[in-house]
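The block underneath contains the structure these notes are about, expressed in structure tokens.
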Amino acid sequence: MTDCIFCKILNKEIPSKFVYEDDEVFAINDINPKAKKHILVIPKKHVKSLNEVENFDLIKKMFEAIRKINKQEGIVDFKTQINTGRGAGQEVDHLHIHILAN
Ligand code: 5GP
Ligand code: ZN
């Protein structure tokens, strides 16, 4: 999607170091971290939010990626967060899971 920050990062229009990447998912450090480690796990397919997910295999892939990322980053204790909709604090309209670890 042309006007989406995460799609622009995926397409290298905005430079950002990828912490993780596979065929369906990528991950970056949050630009404004709210924990010592704050990683965003993002599907390559532009899906607006959890409310628009049609195939939940994608969510499975994202959580499998989280396990790999955490192993790679030495994260054992962590929170995950999915903000869905403006009223819940979703700022970027491209589905993502926050990993928060202190
Ligand atoms: P949301 O509030 O939509 O659940 O989370 C969006 C997150 O994306 C926020 O934590 C915000 O700091 C992060 N963010 C917004 N723009 C950028 C960016 O250009 N690069 C990175 N790495 N993170 C971003
Ligand atoms: Zn997008």
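Naming works like this for the structure tokens: A, B, ... for the chains as they're shown, residue 1 at the start of each chain, ligands 1 onward in shown order.
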- [ ] Could you please write out, as a PyMOL selection string, every residue of chain A that DSSP assigns to strand (DSSP E)?
- [x] chain A and resi 18-21+25-29+37-43+79-81+97-101
- [ ] Using only C-alpha atoms and all ligand atoms, find each residue with an atom at most 8 Å away from ligand 1 and format the answer as a list of chain:residue names.
- [x] A:Ile5, A:Phe6, A:Ile9, A:Ile14, A:Ser16, A:Ile28, A:Asn29, A:Asp30, A:Ile31, A:Asn32, A:Pro33, A:Lys34, A:Leu40, A:Gln81, A:Ile82, A:Asn83, A:Thr84, A:Gly89, A:Gln90, A:Glu91, A:Val92, A:Asp93, A:His94, A:Leu95, A:His96, A:Ile97, A:His98
Only N, CA and C atoms, please: the residues just picked out, written as an mmCIF file, in the first residue's frame.
data_model
loop_
_atom_site.group_PDB
_atom_site.id
_atom_site.type_symbol
_atom_site.label_atom_id
_atom_site.label_comp_id
_atom_site.auth_asym_id
_atom_site.auth_seq_id
_atom_site.Cartn_x
_atom_site.Cartn_y
_atom_site.Cartn_z
ATOM 1 N N ILE A 5 3.489 3.380 6.277
ATOM 2 C CA ILE A 5 4.878 3.416 6.767
ATOM 3 C C ILE A 5 5.517 2.028 6.722
ATOM 4 N N PHE A 6 4.794 1.021 7.190
ATOM 5 C CA PHE A 6 5.393 -0.317 7.255
ATOM 6 C C PHE A 6 5.609 -0.895 5.854
ATOM 7 N N ILE A 9 8.732 0.741 4.629
ATOM 8 C CA ILE A 9 9.919 0.131 5.243
ATOM 9 C C ILE A 9 10.215 -1.209 4.546
ATOM 10 N N ILE A 14 11.788 3.604 3.065
ATOM 11 C CA ILE A 14 12.262 4.181 4.330
ATOM 12 C C ILE A 14 13.279 3.190 4.886
ATOM 13 N N SER A 16 15.370 0.999 7.320
ATOM 14 C CA SER A 16 15.181 0.463 8.666
ATOM 15 C C SER A 16 15.834 -0.912 8.714
ATOM 16 N N ILE A 28 11.150 -5.180 13.018
ATOM 17 C CA ILE A 28 12.041 -4.024 13.180
ATOM 18 C C ILE A 28 11.974 -3.569 14.632
ATOM 19 N N ASN A 29 13.008 -2.824 15.054
ATOM 20 C CA ASN A 29 12.942 -2.193 16.370
ATOM 21 C C ASN A 29 12.005 -0.996 16.296
ATOM 22 N N ASP A 30 11.193 -0.828 17.331
ATOM 23 C CA ASP A 30 10.279 0.318 17.362
ATOM 24 C C ASP A 30 11.089 1.611 17.460
ATOM 25 N N ILE A 31 10.688 2.607 16.696
ATOM 26 C CA ILE A 31 11.400 3.887 16.653
ATOM 27 C C ILE A 31 11.285 4.652 17.983
ATOM 28 N N ASN A 32 10.251 4.347 18.728
ATOM 29 C CA ASN A 32 9.987 5.020 20.002
ATOM 30 C C ASN A 32 9.752 3.955 21.078
ATOM 31 N N PRO A 33 10.856 3.285 21.503
ATOM 32 C CA PRO A 33 10.684 2.093 22.351
ATOM 33 C C PRO A 33 10.043 2.379 23.706
ATOM 34 N N LYS A 34 9.114 1.522 24.080
ATOM 35 C CA LYS A 34 8.425 1.652 25.366
ATOM 36 C C LYS A 34 8.871 0.572 26.340
ATOM 37 N N LEU A 40 8.710 -4.769 16.618
ATOM 38 C CA LEU A 40 7.429 -4.860 15.916
ATOM 39 C C LEU A 40 7.499 -5.998 14.904
ATOM 40 N N GLN A 81 1.567 -7.298 22.330
ATOM 41 C CA GLN A 81 0.432 -6.375 22.293
ATOM 42 C C GLN A 81 0.004 -6.172 20.846
ATOM 43 N N ILE A 82 -1.284 -6.244 20.617
ATOM 44 C CA ILE A 82 -1.847 -5.905 19.293
ATOM 45 C C ILE A 82 -2.898 -4.828 19.519
ATOM 46 N N ASN A 83 -2.579 -3.601 19.149
ATOM 47 C CA ASN A 83 -3.559 -2.523 19.231
ATOM 48 C C ASN A 83 -4.441 -2.591 17.991
ATOM 49 N N THR A 84 -5.731 -2.565 18.189
ATOM 50 C CA THR A 84 -6.666 -2.702 17.063
ATOM 51 C C THR A 84 -7.675 -1.570 17.089
ATOM 52 N N GLY A 89 -5.582 2.725 20.446
ATOM 53 C CA GLY A 89 -4.214 3.216 20.327
ATOM 54 C C GLY A 89 -3.461 2.761 19.094
ATOM 55 N N GLN A 90 -4.166 2.179 18.105
ATOM 56 C CA GLN A 90 -3.469 1.808 16.866
ATOM 57 C C GLN A 90 -3.177 3.063 16.053
ATOM 58 N N GLU A 91 -1.860 3.291 15.835
ATOM 59 C CA GLU A 91 -1.430 4.478 15.083
ATOM 60 C C GLU A 91 -1.114 4.136 13.637
ATOM 61 N N VAL A 92 -0.561 2.949 13.423
ATOM 62 C CA VAL A 92 -0.174 2.528 12.074
ATOM 63 C C VAL A 92 -1.170 1.473 11.604
ATOM 64 N N ASP A 93 -1.846 1.788 10.491
ATOM 65 C CA ASP A 93 -2.907 0.904 9.998
ATOM 66 C C ASP A 93 -2.344 -0.207 9.124
ATOM 67 N N HIS A 94 -1.415 -0.948 9.696
ATOM 68 C CA HIS A 94 -0.874 -2.169 9.082
ATOM 69 C C HIS A 94 -0.618 -3.086 10.276
ATOM 70 N N LEU A 95 -1.323 -4.198 10.293
ATOM 71 C CA LEU A 95 -1.249 -5.141 11.418
ATOM 72 C C LEU A 95 0.180 -5.348 11.916
ATOM 73 N N HIS A 96 0.358 -5.356 13.216
ATOM 74 C CA HIS A 96 1.674 -5.653 13.791
ATOM 75 C C HIS A 96 1.494 -6.113 15.230
ATOM 76 N N ILE A 97 2.437 -6.933 15.686
ATOM 77 C CA ILE A 97 2.458 -7.364 17.085
ATOM 78 C C ILE A 97 3.676 -6.750 17.743
ATOM 79 N N HIS A 98 3.458 -6.082 18.865
ATOM 80 C CA HIS A 98 4.561 -5.539 19.649
ATOM 81 C C HIS A 98 5.139 -6.651 20.526
#
TODO: Name the residues of chain A that come out as alpha helix (DSSP H) in a backbone DSSP run; write them as a PyMOL selection string.
DONE: chain A and resi 5-10+57-73
- [ ] Write out as a list in words which residues come within 12 Å of Glu21 (chain A) when counting only C-alpha atoms, dropping same-chain ones fewer than 4 positions away.
- [x]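 Non-adjacent residues within range: Leu10, Lys17, Val25, Phe26, Ala27, Ile28, Leu40, Val41, Ile42, Pro43, Lys44, Lys61, Met62, Glu64, Ala65, Ile66, Lys68 and Ile69 of chain A.
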TODO: Rounded to one decimal place, report the CA of Leu100 (chain A)-CA of Ala35 (chain A) distance in Å.
DONE: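 That distance, rounded to one decimal, is 5.7 Å.
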TODO: Using only C-alpha atoms and all ligand atoms, pick whichever of A:Asp22, A:Lys8, A:Ile59, A:His46 has the shortest atom-to-atom distance to ligand 2.
DONE: A:His46
Open item on the list: I need the residue nearest Gln72 (chain A) from this list: A:Asn102, A:Lys36, A:Tyr20, A:Glu52. Use only C-alpha atoms for the distance.
Closed with: A:Tyr20
Open item on the list: Measuring between only C-alpha atoms, which one of A:Ile99, A:Val47, A:Met1, A:Val53 shows the shortest distance to Val76 (chain A)?
Closed with: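 Using only C-alpha atoms, Val76 (chain A) sits closest to A:Ile99.
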Task: Which residue of A:Lys48, A:Lys12, A:His38, A:Lys79 approaches ligand 2 most closely, using only C-alpha atoms and all ligand atoms - done: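 Comparing A:Lys48, A:Lys12, A:His38, A:Lys79 against ligand 2, the winner is A:Lys48.
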Task: Distance in Å - CA of Gly85 (chain A) versus CA of Asn11 (chain A) - done: 24.4 Å
- [ ] Kindly indicate which residue among A:Leu50, A:Leu58, A:Val19, A:Cys7 lies nearest to ligand 2, using only C-alpha atoms and all ligand atoms for the distances.
- [x]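 The closest residue to ligand 2 is A:Cys7.
Taking CA of Lys37 (chain A) and CA of Phe56 (chain A) as endpoints, the distance between them is 26.4 Å.
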